[in-house]
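The structure appears right after this line, and notes come after that.
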Amino acid sequence: MGLFFRHNPDGTVTGRNDDTGFTVTLADEEEVKRQLYEDAGWEYTPPPPPVPPGFHRFRLVHDSFGTDGFQDARYADLRARPPEGCVPVDMGGFALECERPGKSLLDAVAGTVAQVRREHGLVMNSLGIEKPHEWLGNDSNGCSAQIVAHLMLMATHRAALLGYGRKDLVRLLDAAGIG
């Protein structure tokens, strides 16, 4: 089954279900998705409402080998006392769904990671992005920023496993022209 969406030059969105031939064009992208899901017999879940100005929505994951998943005893305190604006969720492992304040998405992620590390001794090392090579958009607080944060957390975690330190990572960033 294939559902396809296209943004048109006039601001409308066209959706098509290739299996049934059902096609719809509307100005409201979510309504196009809802109708296509209904035609396909799938359950449609609308997106959550936007976060207030100055807040950012993201998922932090503790992506670690050798854990017993969400119920692992290492997460007990964090499950009981998550950072304000975060809710523990079972994603086949431990994760936090967060809506947190920050000047940018990266700032909100960094503040949350620091708080979890300081208060619970756990380094959250992923945003749970499954295909980070699929770059989406250019919003510095949207999906692209989540991919950057995910890659930075993953790189930091894996570098530490290999014995690299902060200076090694900063040297690499400087060499790459990030500064």
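Numbering starts fresh at 1 for the residues of each chain in the structure tokens, the chains themselves are lettered A, B, ... in the order given, and ligands are numbered from 1 as they appear.
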
**Request:** Would you mind listing what lies within 10 Å of Ser140 in chain A as a PyMOL selection string, with only C-alpha atoms counted and same-chain residues fewer than 3 positions away left out?
**Result:** chain A and resi 104-106+137+143-146+148

**Request:** Run DSSP on the backbone and grab whatever in chain A lands in strand (DSSP E or B); send it over as an MDAnalysis selection string.
**Result:** chainID A and resid 3:7 13:17 23:26 55:62 86:90 94:101 126

Could you save those same residues with N, CA, C and O atoms as a CSV table (one decimal), in the first residue's frame?
```
chain,number,residue,atom,x,y,z
A,3,LEU,N,0.7,5.5,0.3
A,3,LEU,CA,0.0,6.8,0.5
A,3,LEU,C,1.1,7.8,0.2
A,3,LEU,O,2.2,7.8,0.7
A,4,PHE,N,0.7,8.7,-0.7
A,4,PHE,CA,1.7,9.7,-1.2
A,4,PHE,C,1.1,11.1,-1.0
A,4,PHE,O,-0.1,11.3,-1.2
A,5,PHE,N,1.9,12.1,-0.6
A,5,PHE,CA,1.5,13.4,-0.3
A,5,PHE,C,2.4,14.4,-1.1
A,5,PHE,O,3.6,14.1,-1.3
A,6,ARG,N,1.8,15.4,-1.7
A,6,ARG,CA,2.5,16.4,-2.5
A,6,ARG,C,2.1,17.8,-2.1
A,6,ARG,O,0.9,18.1,-2.0
A,7,HIS,N,3.0,18.7,-1.8
A,7,HIS,CA,2.7,20.1,-1.5
A,7,HIS,C,2.7,20.8,-2.9
A,7,HIS,O,3.6,20.8,-3.6
A,13,VAL,N,-2.4,20.7,-0.5
A,13,VAL,CA,-1.7,19.4,-0.4
A,13,VAL,C,-2.6,18.4,-1.1
A,13,VAL,O,-3.8,18.4,-0.9
A,14,THR,N,-1.9,17.6,-1.9
A,14,THR,CA,-2.7,16.5,-2.6
A,14,THR,C,-2.2,15.2,-2.0
A,14,THR,O,-1.0,14.9,-1.9
A,15,GLY,N,-3.1,14.3,-1.6
A,15,GLY,CA,-2.8,13.0,-1.1
A,15,GLY,C,-3.5,11.9,-2.0
A,15,GLY,O,-4.5,12.2,-2.6
A,16,ARG,N,-2.8,10.8,-2.2
A,16,ARG,CA,-3.3,9.7,-3.0
A,16,ARG,C,-3.0,8.4,-2.4
A,16,ARG,O,-1.9,8.1,-1.9
A,17,ASN,N,-4.0,7.5,-2.4
A,17,ASN,CA,-3.9,6.1,-2.0
A,17,ASN,C,-3.8,5.3,-3.3
A,17,ASN,O,-4.7,5.2,-4.0
A,23,THR,N,-8.0,10.1,-4.2
A,23,THR,CA,-7.2,11.3,-4.3
A,23,THR,C,-7.9,12.4,-3.7
A,23,THR,O,-9.1,12.6,-3.9
A,24,VAL,N,-7.3,13.3,-2.9
A,24,VAL,CA,-7.9,14.4,-2.3
A,24,VAL,C,-6.9,15.6,-2.3
A,24,VAL,O,-5.7,15.4,-2.1
A,25,THR,N,-7.4,16.8,-2.6
A,25,THR,CA,-6.6,18.0,-2.5
A,25,THR,C,-7.3,19.0,-1.7
A,25,THR,O,-8.4,19.4,-2.0
A,26,LEU,N,-6.6,19.5,-0.7
A,26,LEU,CA,-7.2,20.5,0.3
A,26,LEU,C,-6.1,21.4,0.8
A,26,LEU,O,-4.9,21.1,0.6
A,55,PHE,N,9.1,27.0,24.3
A,55,PHE,CA,9.1,25.6,24.7
A,55,PHE,C,9.4,24.7,23.4
A,55,PHE,O,9.1,25.1,22.3
A,56,HIS,N,9.9,23.5,23.7
A,56,HIS,CA,10.3,22.6,22.6
A,56,HIS,C,9.9,21.2,23.0
A,56,HIS,O,10.0,20.8,24.1
A,57,ARG,N,9.4,20.5,22.0
A,57,ARG,CA,8.9,19.1,22.2
A,57,ARG,C,10.0,18.1,21.6
A,57,ARG,O,10.4,18.3,20.5
A,58,PHE,N,10.4,17.1,22.4
A,58,PHE,CA,11.4,16.2,22.0
A,58,PHE,C,11.3,14.9,22.8
A,58,PHE,O,10.7,14.9,23.9
A,59,ARG,N,11.9,13.9,22.3
A,59,ARG,CA,12.0,12.6,23.1
A,59,ARG,C,13.5,12.4,23.4
A,59,ARG,O,14.3,12.4,22.5
A,60,LEU,N,13.8,12.1,24.6
A,60,LEU,CA,15.2,11.7,25.0
A,60,LEU,C,15.1,10.2,25.3
A,60,LEU,O,14.3,9.7,26.0
A,61,VAL,N,16.1,9.5,24.8
A,61,VAL,CA,16.2,8.0,24.9
A,61,VAL,C,17.5,7.7,25.6
A,61,VAL,O,18.6,8.3,25.3
A,62,HIS,N,17.5,6.7,26.5
A,62,HIS,CA,18.7,6.1,27.0
A,62,HIS,C,18.9,4.8,26.2
A,62,HIS,O,18.3,3.8,26.5
A,86,CYS,N,8.6,16.4,31.5
A,86,CYS,CA,8.9,15.2,30.9
A,86,CYS,C,8.1,14.0,31.5
A,86,CYS,O,7.8,14.1,32.7
A,87,VAL,N,7.8,13.1,30.6
A,87,VAL,CA,7.0,11.9,31.1
A,87,VAL,C,7.8,10.6,30.6
A,87,VAL,O,8.1,10.5,29.4
A,88,PRO,N,8.1,9.7,31.5
A,88,PRO,CA,8.7,8.5,31.1
A,88,PRO,C,7.8,7.6,30.2
A,88,PRO,O,6.6,7.5,30.5
A,89,VAL,N,8.4,7.1,29.2
A,89,VAL,CA,7.7,6.2,28.2
A,89,VAL,C,8.5,5.0,27.9
A,89,VAL,O,9.7,5.0,27.9
A,90,ASP,N,7.8,3.9,27.6
A,90,ASP,CA,8.4,2.7,27.2
A,90,ASP,C,8.5,2.6,25.7
A,90,ASP,O,7.5,2.5,25.1
A,94,PHE,N,14.1,2.7,27.8
A,94,PHE,CA,13.7,3.9,28.5
A,94,PHE,C,13.8,5.1,27.7
A,94,PHE,O,14.8,5.4,27.1
A,95,ALA,N,12.7,6.0,27.8
A,95,ALA,CA,12.7,7.3,27.1
A,95,ALA,C,11.9,8.3,27.9
A,95,ALA,O,11.1,7.9,28.8
A,96,LEU,N,12.1,9.5,27.6
A,96,LEU,CA,11.4,10.6,28.2
A,96,LEU,C,10.7,11.4,27.1
A,96,LEU,O,11.4,11.8,26.1
A,97,GLU,N,9.4,11.6,27.1
A,97,GLU,CA,8.8,12.6,26.2
A,97,GLU,C,8.7,13.9,26.9
A,97,GLU,O,8.2,14.0,28.0
A,98,CYS,N,9.3,14.9,26.3
A,98,CYS,CA,9.5,16.2,27.0
A,98,CYS,C,8.9,17.4,26.2
A,98,CYS,O,9.0,17.4,25.0
A,99,GLU,N,8.4,18.3,26.9
A,99,GLU,CA,8.1,19.7,26.5
A,99,GLU,C,8.8,20.6,27.5
A,99,GLU,O,8.3,20.8,28.6
A,100,ARG,N,9.9,21.2,27.0
A,100,ARG,CA,10.7,21.9,28.0
A,100,ARG,C,11.1,23.3,27.4
A,100,ARG,O,11.2,23.5,26.2
A,101,PRO,N,11.4,24.3,28.3
A,101,PRO,CA,11.7,25.6,27.8
A,101,PRO,C,13.2,25.6,27.4
A,101,PRO,O,14.0,24.8,27.8
A,126,SER,N,20.3,9.8,23.1
A,126,SER,CA,19.7,9.7,21.8
A,126,SER,C,18.4,10.5,21.9
A,126,SER,O,17.8,10.7,22.9
```

**Item:** Distance criterion (only C-alpha atoms): nearest to Pro9 in chain A out of A:Ala27, A:Met124, A:Gly111, A:Leu162
**Value:**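 Selected residue with least distance to Pro9 in chain A: A:Ala27.
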
Please provide as a PDB file with C-alpha atoms, in the first residue's frame all residues within 9 Å of Ile147 in chain A, with the sequence filter that same-chain residues fewer than 3 positions apart are discarded (counting only C-alpha atoms).
```pdb
ATOM      1  CA  LEU A 127      16.581  11.434  20.590  1.00  0.00           C
ATOM      2  CA  ILE A 129      15.739   9.322  15.460  1.00  0.00           C
ATOM      3  CA  LYS A 131      16.958   7.455  10.063  1.00  0.00           C
ATOM      4  CA  PRO A 132      19.041  10.561  10.800  1.00  0.00           C
ATOM      5  CA  HIS A 133      20.289  10.674   7.221  1.00  0.00           C
ATOM      6  CA  GLU A 134      16.772  11.664   6.101  1.00  0.00           C
ATOM      7  CA  TRP A 135      17.170  15.422   6.508  1.00  0.00           C
ATOM      8  CA  LEU A 136      13.826  17.203   6.828  1.00  0.00           C
ATOM      9  CA  GLY A 142      12.218  21.596  14.217  1.00  0.00           C
ATOM     10  CA  CYS A 143      12.992  18.150  12.859  1.00  0.00           C
ATOM     11  CA  SER A 144      16.416  19.137  11.509  1.00  0.00           C
ATOM     12  CA  HIS A 150      20.404  13.181  18.226  1.00  0.00           C
ATOM     13  CA  LEU A 151      23.672  12.863  16.315  1.00  0.00           C
ATOM     14  CA  MET A 152      25.561  14.960  18.882  1.00  0.00           C
TER      15      MET A 152
END
```

**Asked** When you draw a straight line from CA of Gly177 in chain A to CA of His157 in chain A, how long is it in Å?
**Response**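 According to the coordinates, CA of Gly177 in chain A and CA of His157 in chain A are separated by 21.7 Å.
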
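Pairwise distance (CA of Met154 in chain A, CA of Pro49 in chain A) equals 28.4 Å.
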
**Asked** Counting only C-alpha atoms, what is within 10 Å of Glu119 in chain A, bar same-chain residues fewer than 2 positions away, as a PyMOL selection string?
**Response** chain A and resi 77-78+81-83+114-117+121-122

**Asked** Separation of CA of Ala160 in chain A and CA of Gly69 in chain A, in Å?
**Response**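 That distance, rounded to one decimal, is 21.8 Å.
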
**Item:** Nearest-residue call for Asn141 in chain A, choices A:Asp72, A:Val51, A:Leu173, A:Ile178, using only C-alpha atoms
**Value:**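 Looking only at the distances to Asn141 in chain A, the closest residue turns out to be A:Val51.
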
**Prompt:** Where does DSSP see helix (DSSP H, G or I) in range 69-124 of chain A, if you list the residues as an MDAnalysis selection string?
**Reply:** chainID A and resid 69:71 73:80 105:120

**Message:** Which residue is closest to Ser64 in chain A? Choose from A:Gly128, A:Arg79, A:Glu43, A:Asn8 and count only C-alpha atoms.
**Reply:** A:Gly128
